[in-house]
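Source file input.cif; content: mmCIF, C-alpha atoms.
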```
data_data
loop_
_atom_site.label_atom_id
_atom_site.label_comp_id
_atom_site.auth_asym_id
_atom_site.auth_seq_id
_atom_site.Cartn_x
_atom_site.Cartn_y
_atom_site.Cartn_z
CA MET M 247 62.28 109.63 33.16
CA ALA M 248 61.04 112.20 35.71
CA LEU M 249 59.22 109.47 37.64
CA LYS M 250 62.40 107.34 37.82
CA LYS M 251 64.37 110.33 39.06
CA HIS M 252 61.68 111.04 41.67
CA LYS M 253 61.78 107.40 42.94
CA LYS M 254 65.59 107.50 43.18
CA MET M 255 65.47 110.72 45.18
CA LYS M 256 62.83 109.21 47.47
CA LYS M 257 65.16 106.26 48.15
CA ILE M 258 68.01 108.61 48.96
CA VAL M 259 65.88 110.65 51.34
CA VAL M 260 64.67 107.47 53.15
CA LEU M 261 68.25 106.20 53.43
CA SER M 262 69.43 109.56 54.73
CA THR M 263 66.68 109.57 57.35
CA VAL M 264 67.67 106.06 58.53
CA LEU M 265 71.32 107.10 58.83
CA PHE M 266 70.35 110.27 60.65
CA VAL M 267 68.28 108.33 63.19
CA MET M 268 71.22 105.95 63.64
CA SER M 269 73.45 108.93 64.32
CA CYS M 270 71.05 110.17 66.95
CA THR M 271 70.94 106.75 68.64
CA ASN M 272 74.72 106.68 68.65
CA SER M 273 74.74 110.14 70.20
CA GLN M 274 72.48 108.97 73.03
CA LYS M 275 74.85 106.08 73.74
CA THR M 276 77.76 108.53 73.83
CA GLU M 277 76.00 110.61 76.43
CA LYS M 278 75.48 107.51 78.57
CA VAL M 279 79.19 106.68 78.37
CA ILE M 280 80.09 110.24 79.34
CA ALA M 281 77.61 110.11 82.22
CA GLN M 282 79.17 106.87 83.46
CA GLU M 283 82.66 108.36 83.26
CA VAL M 284 81.67 111.25 85.48
CA ILE M 285 80.24 108.94 88.13
CA ILE M 286 82.74 106.05 88.24
CA GLN M 287 86.29 106.66 89.44
CA LYS M 288 89.07 104.13 89.96
CA PHE M 289 91.90 104.36 92.49
CA GLY M 290 95.01 102.21 92.86
CA ASP M 291 94.91 99.10 90.67
CA LYS M 292 93.65 100.33 87.28
CA ASN M 293 92.54 96.79 86.38
CA ILE M 294 90.08 96.49 89.27
CA ASN M 295 86.61 95.38 88.14
CA GLU M 296 83.32 94.37 89.72
CA GLU M 297 83.64 90.65 89.01
CA GLY M 298 83.05 88.42 92.07
CA VAL M 299 82.05 91.30 94.32
CA ILE M 300 80.37 90.43 97.67
CA THR M 301 78.34 92.48 100.15
CA GLY M 302 79.49 93.64 103.59
CA LYS M 303 77.14 91.11 105.22
CA GLU M 304 78.67 88.29 103.15
CA LEU M 305 82.15 89.44 104.18
CA MET M 306 81.16 89.31 107.87
CA THR M 307 79.87 85.75 107.37
CA LEU M 308 83.20 84.74 105.76
CA LEU M 309 85.11 86.27 108.69
CA GLU M 310 83.14 84.17 111.18
CA THR M 311 85.19 81.13 110.19
CA GLN M 312 88.54 82.71 109.20
CA ASP M 313 90.72 85.58 110.43
CA SER M 314 91.37 87.07 107.01
CA VAL M 315 90.13 86.76 103.46
CA GLN M 316 91.03 88.23 100.05
CA VAL M 317 87.87 89.99 98.85
CA LYS M 318 86.23 92.50 96.60
CA VAL M 319 83.47 94.02 98.70
CA ILE M 320 80.77 96.56 97.84
CA THR M 321 79.90 98.98 100.64
CA THR M 322 78.89 102.55 101.40
CA ILE M 323 81.52 104.97 102.67
CA SER M 324 80.55 106.40 106.06
CA ASP M 325 83.64 108.49 106.84
CA VAL M 326 86.82 109.70 105.11
CA CYS M 327 90.02 111.17 106.62
CA GLN M 328 89.41 114.90 106.29
CA LYS M 329 93.11 115.82 106.12
CA LYS M 330 94.30 113.81 103.13
CA GLY M 331 91.71 111.12 102.39
CA CYS M 332 94.27 108.50 103.54
CA TRP M 333 91.72 106.21 105.26
CA MET M 334 88.00 105.61 105.17
CA GLU M 335 85.36 103.82 107.19
CA VAL M 336 82.73 101.80 105.36
CA ASP M 337 79.44 100.32 106.48
CA LEU M 338 79.22 96.51 106.45
CA ASP M 339 75.67 95.72 107.58
CA GLY M 340 74.15 98.84 109.09
CA ASN M 341 75.70 98.13 112.51
CA ASN M 342 79.35 97.30 111.85
CA GLN M 343 82.02 99.50 110.28
CA MET M 344 85.28 98.52 108.59
CA LEU M 345 88.43 100.65 108.51
CA VAL M 346 90.15 100.78 105.10
CA ARG M 347 93.67 102.03 104.37
CA PHE M 348 95.42 101.97 101.02
CA LEU M 349 98.43 99.99 99.80
CA ASP M 350 101.73 101.84 100.23
CA TYR M 351 99.94 105.11 100.94
CA GLY M 352 99.72 105.03 97.17
CA PHE M 353 96.23 106.46 96.67
CA PHE M 354 93.68 108.42 98.68
CA MET M 355 89.93 108.99 98.59
CA PRO M 356 88.25 112.30 97.73
CA LEU M 357 87.51 114.21 100.94
CA ASP M 358 83.80 114.37 100.00
CA ALA M 359 83.41 110.64 99.26
CA SER M 360 81.20 109.91 102.30
CA GLY M 361 77.88 108.41 101.18
CA SER M 362 79.35 107.07 97.94
CA THR M 363 79.28 103.40 96.99
CA ALA M 364 82.75 101.83 96.99
CA ILE M 365 84.01 98.51 95.67
CA ILE M 366 87.18 97.73 97.61
CA GLU M 367 89.72 95.01 96.83
CA GLY M 368 92.18 93.70 99.42
CA VAL M 369 92.67 91.37 102.38
CA ALA M 370 89.95 91.92 104.96
CA LYS M 371 90.57 90.79 108.52
CA VAL M 372 88.74 90.62 111.80
CA ASP M 373 90.18 91.23 115.27
CA THR M 374 88.43 90.64 118.55
CA LEU M 375 89.36 92.94 121.42
CA SER M 376 88.67 91.14 124.70
CA VAL M 377 86.76 92.73 127.59
CA ALA M 378 89.97 92.66 129.70
CA TRP M 379 91.91 94.51 127.01
CA LEU M 380 89.16 97.09 126.49
CA LYS M 381 89.01 97.72 130.27
CA HIS M 382 92.81 98.07 130.32
CA GLN M 383 92.64 100.62 127.48
CA LYS M 384 90.03 102.62 129.42
CA GLU M 385 92.25 102.53 132.54
CA ASP M 386 95.22 103.81 130.51
CA ALA M 387 93.04 106.62 129.19
CA ASN M 388 92.21 107.60 132.80
CA ALA M 389 88.52 106.75 132.32
CA SER M 390 86.20 106.79 135.33
CA GLN M 391 85.39 103.52 137.18
CA GLU M 392 81.85 103.83 135.84
CA GLU M 393 83.12 103.86 132.24
CA ILE M 394 85.45 100.92 132.92
CA ASP M 395 82.63 98.89 134.48
CA ALA M 396 80.41 99.64 131.49
CA VAL M 397 82.63 97.47 129.27
CA THR M 398 80.97 94.06 129.27
CA GLU M 399 81.17 92.90 125.62
CA PRO M 400 84.23 92.15 123.49
CA GLU M 401 84.70 94.49 120.53
CA ILE M 402 85.01 93.11 117.02
CA SER M 403 86.92 95.25 114.54
CA TYR M 404 87.05 94.76 110.78
CA SER M 405 89.73 96.22 108.53
CA ILE M 406 91.42 96.19 105.16
CA GLU M 407 94.88 97.52 105.96
CA GLU M 408 96.23 97.56 102.41
CA ALA M 409 93.45 97.91 99.84
CA THR M 410 94.93 97.43 96.37
CA GLY M 411 92.16 99.19 94.44
CA VAL M 412 88.86 101.03 94.81
CA ILE M 413 86.01 101.75 92.42
CA LEU M 414 83.94 104.72 93.53
CA LYS M 415 80.36 105.30 92.34
CA MET T 71 69.37 115.29 43.80
CA ARG T 72 72.60 117.09 44.71
CA LEU T 73 71.05 118.28 47.99
CA SER T 74 70.03 114.71 48.87
CA LEU T 75 73.54 113.50 48.22
CA LYS T 76 74.89 116.25 50.45
CA ILE T 77 72.49 115.19 53.26
CA LEU T 78 73.53 111.57 52.78
CA GLY T 79 77.22 112.46 52.91
CA GLY T 80 76.66 114.65 55.95
CA CYS T 81 74.88 111.87 57.82
CA ILE T 82 77.62 109.34 57.07
CA ILE T 83 80.32 111.75 58.29
CA THR T 84 78.27 112.59 61.41
CA SER T 85 77.81 108.88 62.18
CA PHE T 86 81.54 108.22 61.84
CA PHE T 87 82.41 111.27 63.93
CA LEU T 88 80.08 110.27 66.75
CA ALA T 89 81.28 106.67 66.68
CA CYS T 90 84.91 107.81 66.92
CA GLN T 91 84.08 110.30 69.67
CA ASN T 92 82.40 107.51 71.64
CA LYS T 93 85.52 105.32 71.37
CA ALA T 94 87.79 108.20 72.38
CA LYS T 95 85.69 108.84 75.50
CA GLU T 96 85.86 105.19 76.58
CA GLU T 97 89.65 105.18 76.29
CA SER T 98 90.06 108.43 78.21
CA CYS T 99 89.03 106.80 81.50
CA GLU T 100 91.81 107.51 84.03
CA VAL T 101 92.82 106.33 87.49
CA ILE T 102 93.17 109.29 89.85
CA ASN T 103 95.19 108.34 92.91
CA PHE T 104 95.47 111.70 94.63
CA PRO T 105 92.13 113.49 94.11
CA ASN T 106 92.60 116.10 96.85
CA LYS T 107 94.78 119.18 96.95
CA ASP T 108 98.13 118.06 98.38
CA SER T 109 100.19 120.28 100.65
CA GLU T 110 103.74 121.28 99.67
CA LEU T 111 105.14 119.01 102.37
CA ALA T 112 103.01 116.03 101.25
CA LEU T 113 104.31 116.48 97.68
CA LEU T 114 107.89 116.83 98.95
CA MET T 115 107.53 113.63 101.01
CA ARG T 116 106.22 111.78 97.94
CA GLU T 117 109.21 113.03 95.94
CA LEU T 118 111.58 112.03 98.77
CA SER T 119 110.02 108.57 98.87
CA GLU T 120 110.63 108.04 95.14
CA ASP T 121 114.14 109.47 95.51
CA THR T 122 114.89 107.05 98.36
CA GLU T 123 113.62 104.10 96.26
CA ASN T 124 116.22 105.09 93.63
CA VAL T 125 118.97 105.45 96.25
CA LYS T 126 118.08 102.02 97.65
CA SER T 127 118.50 100.57 94.16
CA GLN T 128 121.79 102.46 93.65
CA ILE T 129 123.22 101.05 96.91
CA GLN T 130 122.10 97.53 96.07
CA LYS T 131 123.83 97.80 92.68
CA GLY T 132 126.97 99.42 94.17
CA GLU T 133 126.36 102.63 92.20
CA THR T 134 127.04 106.21 93.30
CA THR T 135 124.39 107.52 95.71
CA VAL T 136 122.56 110.56 94.34
CA PHE T 137 119.63 112.42 95.91
CA PHE T 138 117.64 115.01 93.98
CA THR T 139 115.44 116.18 96.86
CA LYS T 140 116.16 119.67 98.20
CA PHE T 141 116.33 118.69 101.87
CA GLU T 142 116.31 122.29 103.15
CA ASN T 143 112.72 122.52 101.85
CA LEU T 144 111.69 120.07 104.60
CA HIS T 145 111.99 123.06 106.95
CA THR T 146 109.94 125.46 104.83
CA ALA T 147 107.34 123.48 102.82
CA ILE T 148 103.76 124.15 103.95
CA PRO T 149 102.43 121.06 105.77
CA THR T 150 98.93 119.54 105.70
CA ASP T 151 98.64 120.22 109.44
CA THR T 152 99.59 123.87 109.71
CA ASP T 153 100.63 123.53 113.38
CA VAL T 154 103.04 120.62 112.79
CA ARG T 155 106.15 122.73 113.51
CA GLU T 156 104.75 124.45 116.60
CA ASP T 157 106.09 122.11 119.32
CA GLY T 158 109.57 121.83 117.75
CA LYS T 159 109.44 118.02 117.38
CA TYR T 160 109.20 118.09 113.58
CA THR T 161 112.15 120.49 113.27
CA ALA T 162 114.29 118.35 115.59
CA PHE T 163 113.43 115.14 113.71
CA THR T 164 114.15 116.87 110.38
CA ASP T 165 117.59 118.03 111.56
CA VAL T 166 118.45 114.49 112.66
CA PHE T 167 117.19 113.08 109.35
CA ILE T 168 119.22 115.55 107.24
CA LYS T 169 122.36 114.66 109.27
CA SER T 170 121.68 110.97 108.55
CA VAL T 171 121.50 111.76 104.82
CA GLU T 172 124.81 113.67 105.01
CA ASN T 173 126.33 110.73 106.88
CA LEU T 174 125.10 108.34 104.17
CA LEU T 175 126.60 110.47 101.41
CA LEU T 176 129.96 110.66 103.26
CA THR T 177 130.11 106.93 103.99
CA GLU T 178 132.69 105.09 101.91
CA GLY T 179 132.29 101.46 100.88
CA ASP T 180 129.29 99.56 102.23
CA LYS T 181 126.50 102.09 102.71
CA ILE T 182 123.74 99.70 103.83
CA ASP T 183 123.97 100.47 107.58
CA ALA T 184 124.05 104.23 106.99
CA TYR T 185 121.13 103.91 104.57
CA ASN T 186 119.03 101.82 106.98
CA PHE T 187 119.82 104.31 109.77
CA MET T 188 118.48 107.09 107.55
CA VAL T 189 115.26 105.12 106.87
CA LYS T 190 114.91 104.50 110.62
CA LYS T 191 115.02 108.28 111.17
CA CYS T 192 112.05 108.60 108.80
CA VAL T 193 110.14 105.95 110.76
CA ASP T 194 111.00 107.57 114.12
CA CYS T 195 109.59 110.89 112.95
CA HIS T 196 106.47 109.38 111.39
CA LYS T 197 105.74 107.38 114.57
CA GLN T 198 105.38 110.70 116.38
CA ILE T 199 103.88 112.93 113.72
CA CYS T 200 102.13 111.15 110.82
CA PRO T 201 101.91 107.35 111.18
CA GLY T 202 100.00 106.71 107.93
CA PRO T 203 102.95 106.00 105.62
CA ILE T 204 105.05 103.94 108.10
CA LYS T 205 104.28 100.62 106.37
CA ARG T 206 105.45 102.08 103.07
CA ILE T 207 108.61 103.57 104.65
CA ARG T 208 109.51 100.23 106.28
CA LYS T 209 109.59 98.68 102.80
CA LEU T 210 112.53 100.99 102.04
CA TYR T 211 114.84 99.11 104.41
CA ILE T 212 117.57 97.02 102.77
CA LYS T 213 117.30 93.57 104.37
#
```

Will you turn the file into structure tokens for me?
Amino acid sequence: MALKKHKKMKKIVVLSTVLFVMSCTNSQKTEKVIAQEVIIQKFGDKNINEEGVITGKELMTLLETQDSVQVKVITTISDVCQKKGCWMEVDLDGNNQMLVRFLDYGFFMPLDASGSTAIIEGVAKVDTLSVAWLKHQKEDANASQEEIDAVTEPEISYSIEEATGVILK
Amino acid sequence: MRLSLKILGGCIITSFFLACQNKAKEESCEVINFPNKDSELALLMRELSEDTENVKSQIQKGETTVFFTKFENLHTAIPTDTDVREDGKYTAFTDVFIKSVENLLLTEGDKIDAYNFMVKKCVDCHKQICPGPIKRIRKLYIK
């Protein structure tokens, strides 16, 4: 009788231990979720996700053959408007930047977001500023003849004027 | 035996509690659109924008035009750029804008022209002082 009771108790203790370990595992997962929540922030479209995301380099390749393209691009933020966070500049390939503004002035970036990874959704476009136009701009800005003569290459500018959503990491 | 049962019960409750807590955390994820401290004037402009959306809808439906914004606060609210009122441009634009609102409220019958004139006054000011929201403001026009 005492032996039976002892075996039953042993079973209960083993079962309790298993459940306790499971609880601990669950707790670890919870911490991971909390950690992710602290790091990832969404702005604008709450349904934005990372599906179909492309790199800045891939975006530049797409814009070689078309003026604009609907994209979800992953980049690093290099600069943020320090008054309100109403625009940001992101790095495309280490040499080229892209200016990003937000749909309807409806959401802004944290002022300290520089250096963060951003996934941006919207229509990206490319504009080429000709040498003649750039020289004209310099003239209007009362630049010296030396500065005007220094303009020899057209300038390519990339932008997303109305980003619909951003995921910040 | 009783102690073991207590441990067992405790573990089950703990497991359930942690599982529920996990779910609650996942659902609490929020979208934060304005993460920085907004100035009084920025908040007032946001309120005015929403107010104007409502007025646009009222005019389109032929309803009575009602603004809730306290327009006199446009002269006193603390701006993001603290020197915005220094050269007098902002104050002049604000006076013209408030007159356009008064004109809209006094207009009988078709208010569309008076309303669009008021929106234009917003654009005129923002062209000079804070061009960021111009695209959004232009969407307020009744076409």

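Taking CA of Pro105 (chain T) and CA of Phe354 (chain M) as the two end points, the separation is 7.0 Å.
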
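Note that the spacing between CA of Glu304 (chain M) and CA of Ala378 (chain M) amounts to 29.2 Å.
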
Inset, instruction - Enter the distance from CA of Glu392 (chain M) to CA of Gln343 (chain M), in Å, rounded to one decimal. - result: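 CA of Gln343 (chain M) lies 25.9 Å from CA of Glu392 (chain M).
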
Inset, instruction - Give the answer as one residue: which of T:Asp183, T:Asp165, T:Asp108, T:Glu123 has the shortest atom-to-atom distance to Leu357 (chain M), using all atoms listed in the file? - result: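 Closest candidate: T:Asp108.
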
Legend entry - Shell around Gly298 (chain M) at 8 Å using all atoms listed in the file, local window under 2 positions removed, as number ranges by chain: M: 296, 300, 318

Inset, instruction - Name the residues that the PyMOL selection byres ((chain M and resi 411) around 6) picks from the file above, as a ChimeraX atom specification, using the file's chain letters and numbers. - result: /M:289-291,367,409-410,412

Hey, can you spit out that residue selection with C-alpha atoms as a CSV table (one decimal), in the coordinates of the input?
```
chain,number,residue,atom,x,y,z
M,289,PHE,CA,91.9,104.4,92.5
M,290,GLY,CA,95.0,102.2,92.9
M,291,ASP,CA,94.9,99.1,90.7
M,367,GLU,CA,89.7,95.0,96.8
M,409,ALA,CA,93.4,97.9,99.8
M,410,THR,CA,94.9,97.4,96.4
M,412,VAL,CA,88.9,101.0,94.8
```

Inset, instruction - Specify as a list of chain:residue names each residue included when the PyMOL selection byres ((chain M and resi 407) around 7) is applied to this file. - result: M:Val346, M:Arg347, M:Phe348, M:Ser405, M:Ile406, M:Glu408, M:Ala409

Inset, instruction - Go through M:Glu399, M:Asp350, M:Asp358, M:Asp386 and flag the residue nearest chain T, using all atoms listed in the file for the distances. - result: M:Asp350

Legend entry - Closest of T:Thr150, T:Thr135, T:Asn143, T:Asn186 to chain M - atom-to-atom distances counting all atoms listed in the file: T:Thr150

Inset, instruction - Any chance you could resolve the PyMOL selection byres ((chain T and resi 189-191) around 9) against this file and give the residues as a list in words? - result: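 Output of the PyMOL selection byres ((chain T and resi 189-191) around 9): Thr122, Phe163, Thr164, Val166, Phe167, Ser170, Ala184, Tyr185, Asn186, Phe187, Met188, Cys192, Val193, Asp194, Cys195, His196, Ile207, Arg208, Leu210 and Tyr211 of chain T.
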
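Distance annotation: of T:Val154, T:Cys200, T:Leu144, T:Ile182, the residue with the minimal separation from Gln130 (chain T) is T:Ile182; atom set is all atoms listed in the file.
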
Inset, instruction - Could you tell me which of T:Gly158, T:Pro149, T:Leu176, T:Asn124 comes closest to chain M if we count all atoms listed in the file? - result: T:Pro149
